[in-house]
Amino acid sequence: MTTAQFILSGWTWNPAVILTDALALVVYVAAFRDRRRIGWFATTLGVLLFTLLSPLNTLADGYLFSAHMAQHILLLLIVPALLLLSLPRSLSLAVGPRVFSQPLAGWLAGVGAMWFWHAPALCNAAVTSRPVHALQIVSLLVLGSLFWRQILASREEERLSPPGAVLYLFSACVTCSVLGIIITFSPVTVCSIYTMQPSDPLGMLRTIRTDWGFSPERDQQIGGLLMWVPMCLIYLSAIFAQIARWFALSASPATGKA
Amino acid sequence: MNEITTVLARAGLLTVEQREHWKMAWLSTVDHKRIGILYMVTALVFFVIGGIEAMFIRLQLAVPNNTLLHPDTYNMLFTMHGTTMIFLVAMPVLFGLANYIVPLQIGARDMAFPRLNSFGFWLVPLGGILLHFSFLAGGAPAVGWFAYAPLSETPYSSQLGVDYWALALLVLGIGSVSTSINLLVTVLTQRAAHMTLRRLPLFSWMIFVNSFLVILALPVLNAGLAMLLIDRRLGSHFFLPPGGGSAIMWQHIFWAFGHPEVYIVAIPAFGILSEVIPVFSRKPIFGYEFVAGSTVAIAFLSLLVWAHHMFTVGLGHAVDLFFVASSLLIAIPTGVKVLNWSGTMIGGRVRLDTPMLFWIAALVQFLFAGLTGVSHAVAALDWQTKNSYYLVAHFHFVFVGLIVFAILGGLHYWFPKMSGRMLSERLGKWTFWLMTIGFNLTFIIQHFLGLAGMPRRVYTYPDLPGWGWMNMVSTIGAFFMAAAALLFVWNLAASLLRGKLAGDNPWNGWTLEWAANSPPPHENFHELPPIRSRRPLWDDLNPDRPDPMVGTKWRAETSSPEKNTAIIIAFIISETGFFGVLILAYLFYSVMPQVGPSAHDLNLPKTVIFSLCLFASSLTIWRSEVSLLQGRQRAMAGWLAATILLGFIFIIGQGLEYWGLFQSGVRVSSNLFATTFFTLTGFHGLHVFVGLIALLIVLGLALTGDFKQGRSPALKAVGLYWHFVDVVWVLVFSVVYLLPHLR
């Protein structure tokens with residue numbers, strides 16, 4: 001199969017995902033009267049559908065560790081962030097047990113998710129076993145949301161202050177970089193399933209290995225690098241947003257004279 | 001001696017009572033202004049030494065096939081020149097300026113920890129002496145400033161030079177970290193009332209951001225140096241491929257520090273530029289927020305791009321591509337800064353005094369350095385120019401063209417504040433023109449030499465077409481720079497004696513340091529002007545059209561953490577970097593196939609018990625703090641004693657483990673497992689030991705009744721440190737003891 005054919009036919013029509021998405025849209029419309037941010041929500045669902053249905057998912061499903069890593073980043077960092085941004089600004093997220101609103105809990109959720117799912121045994125299981133895979137997707141979305149709510153909660157007072165948020169994001173960036181560095185330079189295979197000859201139902205393996213030049217070693221390297229560099233850049237972008245927030249309204253005439 | 005005291009006293013640098021013991025008054029000082037000056041004078045001494053080394057290098061290269069210097073001597077000279085200029089000149093002078101200016105700019109009385117400040121300074125001469133002592137101990141290091149392994153290892157550099165080099169850098173690294181922690185805590189906790197974080201002058205803001213960078217980057221180097229020393233002194237093989245080690249590992253460690261290091265010296269230079277371009281353009285800075293924010297961007301990005309120093313190592317195409325992309329990103333925030341500085345000058349009434357001349361030159365030269373920097377970020381181009389004179393020219397444009405020029409401008413700008421006297425404007429202009437002409441003569445041509453193929457670090461070269469005259473031009477330029485440096489030193493000395501009196505605010509500056517007397521009295525300020533914007537002196541002088549007020553919005557910008565807590569957290573951050581490197585090194589080597597002892601020879605059950613003791617001690621110290629809060633002095637002392645006991649049990653347990661290994665013939669040098677195991681657990685044990693000493697001191701204080709008031713910052717700080725030591729052990733224990741059993 002050539003690359004072009006693959007891009008056309010690599011889509012998976014997973015009814016569970018499509019139904020969940022449709023249901024989520026219905027719930028959103030039903031639950032919120034203030035729908036000014038529905039564009040964000042549509043983007044959230046769009047990215048989610050792309051992550052789980054597009055050829056990226058097919059690649060992640062036994063072909064490429066790096067595709068699997070890209071999927072992780074989308075599910076843990078992009079989709080939850082968009083989801084939080086799509087919520088009406090007046091909505092309070094201070095529901096559920098108090099522990100979920102602790103910054104440390106959010107940090108551990110976001111960082112822990114990455115480390116947890118890259119233990120070799122779990123990484124393999126998530127590819128071979130459907131239930132584990134589903135669990136992984138749901139957990140990444142939930143843990144990612146817990147992580148981002150410290151930064152992107154709809155109400156200003158439920159977010160960390162900018163300096164705290166910068167430390168929160170930066171330490172997460174460093175911790176993920178460390179894992180990325182380990183994966184990039186480790187002589188050990190993290191997810192051995194991707195180095196074995198998969199069943200290759202699409203006949204894509206030749207294209208990937210020779211045309212694309214993804215040897216198993218380079219595949220893992222790119223996976224690690226994705227976590228090391230672009231993932232960190234997402235955190236850094238969030239840091240820059242925090243700095244913008246910090247300096248916004250610096251000259252506030254409303255405060256009056258000192 | 002009498003003349004010196006007279007000069008110092010007349011310059012206001014010595015009070016009447018101190019005239020009799022002026023040496024002690026300076027050597028034992030803990031005043032931030034004097035320490036700042038000591039830093040700068042030390043840097044000046046090493047600047048002369050490093051400059052003389054550079055002159056010899058240029059003399060040797062002036063003509064083809066020159067025999068002035070022996071090749072070995074040449075290697076020593078360029079190694080010493082690089083090391084000296086970065087670690088003994090650039091960093092100390094910037095720490096000196098920060099030390100002097102930051103407390104004044106934020107309206108503080110002194111640094112948060114004056115004695116730590118003095119400690120940080122005195123490590124600089126110690127490090128400098130250690131480094132230069134190598135000349136007497138059989139030869140200076142001759143391995144380049146980044147001391148690549150395996151050349152820096154015993155089989156290839158068997159003399160003591162590299163050992164002194166590593167020790168000196170370790171000492172200097174510890175000093176830099178302690179000074180940066182101090183600066184960080186000073187900005188966080190010592191600001192005057194109403195000097196909110198968002199009202200900070202840009203120089204102080206950048207020193208603040210930069211201190212984070214030092215705290216994060218220097219410990220990485222320190223860990224690498226410790227590993228190098230263990231290799232050299234104890235015969236291990238961290239970086240020696242024949243013993244299974246990895247020479248590339250050294251490069252990663254060095255550049256993980258080395259790339260941020262470029263920004264560690266550049267960001268304060270940016271701070272100087274951002275501070276004074278507005279003053280000499282008679283306009284507020286254009287886009288304060290962008291200048292301040294882009295600094296944070298530069299600092300964080302710089303930690304993410306070190307692999308671009310290693311494009312030619314062969315890390316693989318994929319790695320190169322990612323680091324090309326991330327390195328190119330740095331051009332954005334630096335470009336933002338150049339735009340802001342230019343925007344500040346546009347439409348301003350630009351005063352071309354000596355400081356401003358230096359900054360305009362710095363700006364232009366920095367732009368040029370940035371352009372050649374971009375060409376190094378592209379791997380394909382980098383492959384062509386790596387380790388040629390093109391690279392030499394590039395980084396000298398950064399280090400001299402930007403940083404030295406910014407510092408020289410800064411010294412001309414702040415000298416009146418420090419001495420009460422103006423530097424001679426006439427000599428200053430001469431210095432500037434000699435320096436600018438000399439610098440550009442020396443280094444522009446080196447780009448072409450590099451493109452023509454001349455490699456760096458060769459002691460001589462054949463008479464190839466064009467090489468001879470280009471090198472001669474470069475050498476002539478270097479002598480212009482030397483003349484400028486001499487003239488500058490002369491100007492400093494002459495102006496200190498006979499300079500025009502400066503008055504408090506000779507440049508009509510707007511930040512708080514100009515509200516103090518020149519030189520400032522021991523206590524800095526008698527009274528501060530009201531602070532409601534970023535230019536308090538402008539507001540004070542122009543009450544009818546003050547700057548718009550910078551409001552307060554976040555609690556974090558007005559409130560200050562307790563300084564003991566702040567410093568211990570900053571220290572813990574730095575230690576995290578140190579242990580992070582050691583743990584990563586352990587992990588990396590643990591998967592390498594090797595013969596000899598392995599993690600399975602360790603005694604897991606015993607260690608579990610001793611580890612539980614250590615973990616329990618975290619609980620006991622927490623109970624001790626709670627008891628103190630409840631006012632139960634005896635319970636507090638009891639829990640504290642229990643903590644110490646548990647800590648000692650852990651140390652004994654580790655000792656037993658070591659003894660067992662020694663008995664079965666395992667040494668640090670046995671294999672990489674033994675090396676990494678002893679290094680990692682040894683450094684952890686050392687930290688436990690230091691923690692125990694601290695705990696004993698606190699216990700002693702508690703027993704003498706020091707903590708009667710209920711709260712003790714000391715106990716809290718030691719407690720935090722102790723928790724950190726425990727958390728590190730959780731990681732070490734998991735990685736060393738548990739991980740092998742999971743495989």
# chains A, B, ... in the order shown; residues from 1 in each chain; ligands from 1

call {"tool": "residues_around", "arguments": {"residues": "stretch 699-707 of chain B", "least_positions_apart": "6", "cutoff": "9 Å", "atoms": "only C-alpha atoms", "output": "short mmCIF file (atom, residue, chain, number, x, y, z; two decimals) with N, CA and C atoms, in the first residue's frame"}}
result
data_model
loop_
_atom_site.label_atom_id
_atom_site.label_comp_id
_atom_site.auth_asym_id
_atom_site.auth_seq_id
_atom_site.Cartn_x
_atom_site.Cartn_y
_atom_site.Cartn_z
N LEU B 628 6.12 21.85 67.84
CA LEU B 628 6.59 23.21 68.05
C LEU B 628 5.44 24.20 67.92
N GLN B 633 7.61 22.13 73.73
CA GLN B 633 9.04 22.17 73.45
C GLN B 633 9.69 20.80 73.60
N ARG B 634 9.33 20.09 74.66
CA ARG B 634 10.01 18.82 74.92
C ARG B 634 9.64 17.78 73.88
N MET B 636 8.82 18.42 70.88
CA MET B 636 9.54 18.78 69.66
C MET B 636 10.96 18.22 69.69
N ALA B 637 11.66 18.47 70.80
CA ALA B 637 13.03 17.98 70.90
C ALA B 637 13.07 16.46 70.80
N LEU B 640 12.61 15.38 67.26
CA LEU B 640 13.82 15.75 66.53
C LEU B 640 14.92 14.71 66.78
N ALA B 641 15.07 14.34 68.05
CA ALA B 641 16.08 13.34 68.39
C ALA B 641 15.76 12.02 67.70
N LEU B 715 13.82 25.28 61.73
CA LEU B 715 13.30 23.91 61.78
C LEU B 715 12.53 23.59 60.51
#

call {"tool": "interface_residues", "arguments": {"of": "chain B", "to": "chain A", "cutoff": "6 Å", "atoms": "only C-alpha atoms", "output": "NGL selection string"}}
result
:B and (548-551)

call {"tool": "write_last_selection", "arguments": {"atoms": "C-alpha atoms", "output": "compact mmCIF listing (two decimals), in the first residue's frame"}}
result
# COMPACT_ATOMS: atom_id res chain seq x y z
CA PRO B 548 0.59 55.26 34.40
CA MET B 549 0.43 53.36 37.62
CA VAL B 550 1.29 49.68 37.46
CA GLY B 551 -1.50 48.18 39.47

call {"tool": "closest_residue", "arguments": {"among": "A:Leu25, A:Leu91, A:Ile18, A:Ala81", "to": "A:Glu156", "atoms": "only C-alpha atoms"}}
result
A:Leu91

call {"tool": "residues_around", "arguments": {"residues": "B:His394", "least_positions_apart": "3", "cutoff": "8 Å", "atoms": "only C-alpha atoms", "output": "PDB file with C-alpha atoms, in the first residue's frame"}}
result
ATOM      1  CA  ALA B 369      25.904  37.140  16.224  1.00  0.00           C
ATOM      2  CA  THR B 372      25.441  33.506  12.391  1.00  0.00           C
ATOM      3  CA  GLY B 373      23.770  31.702  15.299  1.00  0.00           C
ATOM      4  CA  TYR B 390      33.404  30.628  11.602  1.00  0.00           C
ATOM      5  CA  LEU B 391      32.234  29.161  14.907  1.00  0.00           C
ATOM      6  CA  PHE B 397      30.439  37.978  18.644  1.00  0.00           C
ATOM      7  CA  VAL B 398      28.112  36.737  21.377  1.00  0.00           C
ATOM      8  CA  HIS B 447      34.141  34.249   9.592  1.00  0.00           C
TER       9      HIS B 447
END

call {"tool": "residues_around", "arguments": {"residues": "B:Ala112", "least_positions_apart": "5", "cutoff": "7 Å", "atoms": "only C-alpha atoms", "output": "MDAnalysis selection string"}}
result
chainID B and resid 182 185:186 190

call {"tool": "write_last_selection", "arguments": {"atoms": "N, CA and C atoms", "output": "mmCIF file, in the first residue's frame"}}
result
data_model
loop_
_atom_site.group_PDB
_atom_site.id
_atom_site.type_symbol
_atom_site.label_atom_id
_atom_site.label_comp_id
_atom_site.auth_asym_id
_atom_site.auth_seq_id
_atom_site.Cartn_x
_atom_site.Cartn_y
_atom_site.Cartn_z
ATOM 1 N N ASN B 182 20.799 33.199 46.309
ATOM 2 C CA ASN B 182 20.715 34.401 47.131
ATOM 3 C C ASN B 182 20.020 35.536 46.376
ATOM 4 N N VAL B 185 16.266 34.784 46.085
ATOM 5 C CA VAL B 185 15.534 35.010 47.330
ATOM 6 C C VAL B 185 15.500 36.503 47.660
ATOM 7 N N THR B 186 16.574 37.214 47.312
ATOM 8 C CA THR B 186 16.586 38.655 47.566
ATOM 9 C C THR B 186 15.458 39.345 46.806
ATOM 10 N N GLN B 190 13.096 40.664 49.598
ATOM 11 C CA GLN B 190 13.653 41.892 50.171
ATOM 12 C C GLN B 190 13.172 43.165 49.485
#

call {"tool": "select_by_dssp", "arguments": {"residues": "stretch 68-214 of chain A", "states": "alpha helix (DSSP H)", "output": "ChimeraX atom specification"}}
result
/A:68-73,79-86,103-116,120-128,130-152,162-185,205-206

call {"tool": "write_last_selection", "arguments": {"atoms": "C-alpha atoms", "output": "PDB file, in the first residue's frame"}}
result
ATOM      1  CA  HIS A  68       1.260   6.172  19.467  1.00  0.00           C
ATOM      2  CA  MET A  69       3.207   8.913  21.232  1.00  0.00           C
ATOM      3  CA  ALA A  70       1.619  11.585  19.063  1.00  0.00           C
ATOM      4  CA  GLN A  71      -1.762  10.166  19.988  1.00  0.00           C
ATOM      5  CA  HIS A  72      -0.818  10.322  23.665  1.00  0.00           C
ATOM      6  CA  ILE A  73       0.145  13.955  23.414  1.00  0.00           C
ATOM      7  CA  VAL A  79      -8.021  17.524  23.814  1.00  0.00           C
ATOM      8  CA  PRO A  80      -8.445  18.194  27.568  1.00  0.00           C
ATOM      9  CA  ALA A  81      -7.124  21.747  27.161  1.00  0.00           C
ATOM     10  CA  LEU A  82      -9.585  22.439  24.355  1.00  0.00           C
ATOM     11  CA  LEU A  83     -12.356  20.857  26.394  1.00  0.00           C
ATOM     12  CA  LEU A  84     -11.710  23.155  29.348  1.00  0.00           C
ATOM     13  CA  LEU A  85     -11.571  26.142  27.042  1.00  0.00           C
ATOM     14  CA  SER A  86     -14.950  25.184  25.614  1.00  0.00           C
ATOM     15  CA  PRO A 103      -2.364  21.638  42.415  1.00  0.00           C
ATOM     16  CA  LEU A 104      -0.176  18.721  43.450  1.00  0.00           C
ATOM     17  CA  ALA A 105      -2.924  16.264  42.506  1.00  0.00           C
ATOM     18  CA  GLY A 106      -3.326  17.898  39.117  1.00  0.00           C
ATOM     19  CA  TRP A 107       0.406  17.858  38.533  1.00  0.00           C
ATOM     20  CA  LEU A 108       0.754  14.218  39.523  1.00  0.00           C
ATOM     21  CA  ALA A 109      -2.199  13.309  37.289  1.00  0.00           C
ATOM     22  CA  GLY A 110      -0.717  14.993  34.228  1.00  0.00           C
ATOM     23  CA  VAL A 111       2.845  13.843  34.719  1.00  0.00           C
ATOM     24  CA  GLY A 112       2.006  10.463  36.204  1.00  0.00           C
ATOM     25  CA  ALA A 113      -0.164   9.538  33.219  1.00  0.00           C
ATOM     26  CA  MET A 114       2.827   9.796  30.908  1.00  0.00           C
ATOM     27  CA  TRP A 115       5.180   7.798  33.099  1.00  0.00           C
ATOM     28  CA  PHE A 116       2.575   5.185  34.007  1.00  0.00           C
ATOM     29  CA  PRO A 120       6.990  -1.472  29.018  1.00  0.00           C
ATOM     30  CA  ALA A 121       4.363  -4.004  30.120  1.00  0.00           C
ATOM     31  CA  LEU A 122       1.532  -1.473  30.113  1.00  0.00           C
ATOM     32  CA  CYS A 123       2.669   0.058  26.856  1.00  0.00           C
ATOM     33  CA  ASN A 124       2.428  -3.314  25.159  1.00  0.00           C
ATOM     34  CA  ALA A 125      -0.837  -4.228  26.816  1.00  0.00           C
ATOM     35  CA  ALA A 126      -2.435  -1.012  25.596  1.00  0.00           C
ATOM     36  CA  VAL A 127      -1.736  -2.091  22.025  1.00  0.00           C
ATOM     37  CA  THR A 128      -2.710  -5.727  22.272  1.00  0.00           C
ATOM     38  CA  ARG A 130      -8.807  -3.601  23.518  1.00  0.00           C
ATOM     39  CA  PRO A 131     -10.131  -2.997  27.056  1.00  0.00           C
ATOM     40  CA  VAL A 132      -6.733  -1.774  28.243  1.00  0.00           C
ATOM     41  CA  HIS A 133      -6.545   0.476  25.205  1.00  0.00           C
ATOM     42  CA  ALA A 134      -9.966   1.962  25.945  1.00  0.00           C
ATOM     43  CA  LEU A 135      -8.967   2.428  29.573  1.00  0.00           C
ATOM     44  CA  GLN A 136      -5.817   4.175  28.466  1.00  0.00           C
ATOM     45  CA  ILE A 137      -7.693   6.634  26.269  1.00  0.00           C
ATOM     46  CA  VAL A 138     -10.240   7.468  28.938  1.00  0.00           C
ATOM     47  CA  SER A 139      -7.590   7.801  31.637  1.00  0.00           C
ATOM     48  CA  LEU A 140      -5.451  10.106  29.505  1.00  0.00           C
ATOM     49  CA  LEU A 141      -8.445  12.363  28.873  1.00  0.00           C
ATOM     50  CA  VAL A 142      -9.462  12.416  32.544  1.00  0.00           C
ATOM     51  CA  LEU A 143      -5.956  12.884  33.926  1.00  0.00           C
ATOM     52  CA  GLY A 144      -5.210  15.513  31.306  1.00  0.00           C
ATOM     53  CA  SER A 145      -8.318  17.416  32.345  1.00  0.00           C
ATOM     54  CA  LEU A 146      -7.267  17.247  35.982  1.00  0.00           C
ATOM     55  CA  PHE A 147      -3.877  18.614  35.000  1.00  0.00           C
ATOM     56  CA  TRP A 148      -5.188  21.473  32.892  1.00  0.00           C
ATOM     57  CA  ARG A 149      -7.936  22.601  35.237  1.00  0.00           C
ATOM     58  CA  GLN A 150      -5.284  24.257  37.408  1.00  0.00           C
ATOM     59  CA  ILE A 151      -4.390  26.415  34.413  1.00  0.00           C
ATOM     60  CA  LEU A 152      -7.535  26.624  32.316  1.00  0.00           C
ATOM     61  CA  PRO A 162       0.671  33.154  36.942  1.00  0.00           C
ATOM     62  CA  PRO A 163       3.950  32.590  38.856  1.00  0.00           C
ATOM     63  CA  GLY A 164       2.614  29.393  40.379  1.00  0.00           C
ATOM     64  CA  ALA A 165       1.307  28.277  37.007  1.00  0.00           C
ATOM     65  CA  VAL A 166       4.695  28.878  35.402  1.00  0.00           C
ATOM     66  CA  LEU A 167       6.403  26.658  37.979  1.00  0.00           C
ATOM     67  CA  TYR A 168       3.632  24.060  37.639  1.00  0.00           C
ATOM     68  CA  LEU A 169       3.978  23.904  33.866  1.00  0.00           C
ATOM     69  CA  PHE A 170       7.740  24.134  33.812  1.00  0.00           C
ATOM     70  CA  SER A 171       8.262  21.314  36.268  1.00  0.00           C
ATOM     71  CA  ALA A 172       5.829  19.194  34.248  1.00  0.00           C
ATOM     72  CA  CYS A 173       7.829  20.026  31.120  1.00  0.00           C
ATOM     73  CA  VAL A 174      11.095  19.003  32.770  1.00  0.00           C
ATOM     74  CA  THR A 175       9.641  15.768  34.099  1.00  0.00           C
ATOM     75  CA  CYS A 176       8.263  14.796  30.693  1.00  0.00           C
ATOM     76  CA  SER A 177      11.544  15.784  29.055  1.00  0.00           C
ATOM     77  CA  VAL A 178      13.366  13.401  31.359  1.00  0.00           C
ATOM     78  CA  LEU A 179      11.126  10.556  30.241  1.00  0.00           C
ATOM     79  CA  GLY A 180      11.541  11.666  26.637  1.00  0.00           C
ATOM     80  CA  ILE A 181      15.319  11.680  27.047  1.00  0.00           C
ATOM     81  CA  ILE A 182      15.236   8.191  28.532  1.00  0.00           C
ATOM     82  CA  ILE A 183      13.106   6.888  25.666  1.00  0.00           C
ATOM     83  CA  THR A 184      15.222   8.637  23.028  1.00  0.00           C
ATOM     84  CA  PHE A 185      18.578   7.371  24.185  1.00  0.00           C
ATOM     85  CA  LEU A 205       4.977  -2.273   6.818  1.00  0.00           C
ATOM     86  CA  ARG A 206       7.209  -2.097   3.752  1.00  0.00           C
TER      87      ARG A 206
END

call {"tool": "residues_around", "arguments": {"residues": "stretch 347-363 of chain B", "least_positions_apart": "5", "cutoff": "6 Å", "atoms": "only C-alpha atoms", "output": "list in words"}}
result
Phe280, Ser281, Arg282, Lys283, Gly401, Leu402, Phe405, Ala406, Gly409, His412, Tyr413, Gly428 and Lys429 of chain B

call {"tool": "write_last_selection", "arguments": {"atoms": "N, CA and C atoms", "output": "mmCIF file, in the first residue's frame"}}
result
data_model
loop_
_atom_site.group_PDB
_atom_site.id
_atom_site.type_symbol
_atom_site.label_atom_id
_atom_site.label_comp_id
_atom_site.auth_asym_id
_atom_site.auth_seq_id
_atom_site.Cartn_x
_atom_site.Cartn_y
_atom_site.Cartn_z
ATOM 1 N N PHE B 280 19.122 56.629 28.013
ATOM 2 C CA PHE B 280 19.867 57.447 27.064
ATOM 3 C C PHE B 280 19.056 57.791 25.822
ATOM 4 N N SER B 281 17.820 57.257 25.744
ATOM 5 C CA SER B 281 16.927 57.686 24.670
ATOM 6 C C SER B 281 15.862 58.624 25.216
ATOM 7 N N ARG B 282 15.898 58.869 26.520
ATOM 8 C CA ARG B 282 14.917 59.713 27.212
ATOM 9 C C ARG B 282 13.489 59.269 26.926
ATOM 10 N N LYS B 283 13.287 57.961 26.915
ATOM 11 C CA LYS B 283 11.957 57.398 26.687
ATOM 12 C C LYS B 283 11.823 56.158 27.553
ATOM 13 N N GLY B 401 31.124 40.703 21.527
ATOM 14 C CA GLY B 401 30.333 41.706 20.821
ATOM 15 C C GLY B 401 29.111 42.134 21.596
ATOM 16 N N LEU B 402 28.413 41.178 22.195
ATOM 17 C CA LEU B 402 27.260 41.540 23.014
ATOM 18 C C LEU B 402 27.658 41.730 24.471
ATOM 19 N N PHE B 405 30.699 44.133 25.564
ATOM 20 C CA PHE B 405 30.316 45.514 25.256
ATOM 21 C C PHE B 405 29.224 45.994 26.210
ATOM 22 N N ALA B 406 28.234 45.125 26.462
ATOM 23 C CA ALA B 406 27.160 45.528 27.378
ATOM 24 C C ALA B 406 27.730 45.783 28.769
ATOM 25 N N GLY B 409 29.660 49.036 28.833
ATOM 26 C CA GLY B 409 28.689 50.124 28.916
ATOM 27 C C GLY B 409 28.112 50.226 30.315
ATOM 28 N N HIS B 412 30.566 51.799 32.700
ATOM 29 C CA HIS B 412 30.624 53.250 32.519
ATOM 30 C C HIS B 412 29.388 53.912 33.120
ATOM 31 N N TYR B 413 28.269 53.207 33.018
ATOM 32 C CA TYR B 413 26.995 53.762 33.491
ATOM 33 C C TYR B 413 26.923 53.793 35.009
ATOM 34 N N GLY B 428 36.854 57.470 27.744
ATOM 35 C CA GLY B 428 35.797 56.500 27.467
ATOM 36 C C GLY B 428 35.535 56.381 25.982
ATOM 37 N N LYS B 429 35.473 57.540 25.313
ATOM 38 C CA LYS B 429 35.226 57.502 23.867
ATOM 39 C C LYS B 429 36.390 56.826 23.146
#

call {"tool": "atom_distance", "arguments": {"atom1": "atom CA of B:Trp145", "atom2": "atom CA of B:Asn387"}}
result
13.1 Å

call {"tool": "closest_residue", "arguments": {"among": "A:Ala30, A:Met227, A:Leu56, A:Leu48", "to": "A:Trp11", "atoms": "only C-alpha atoms"}}
result
A:Leu56
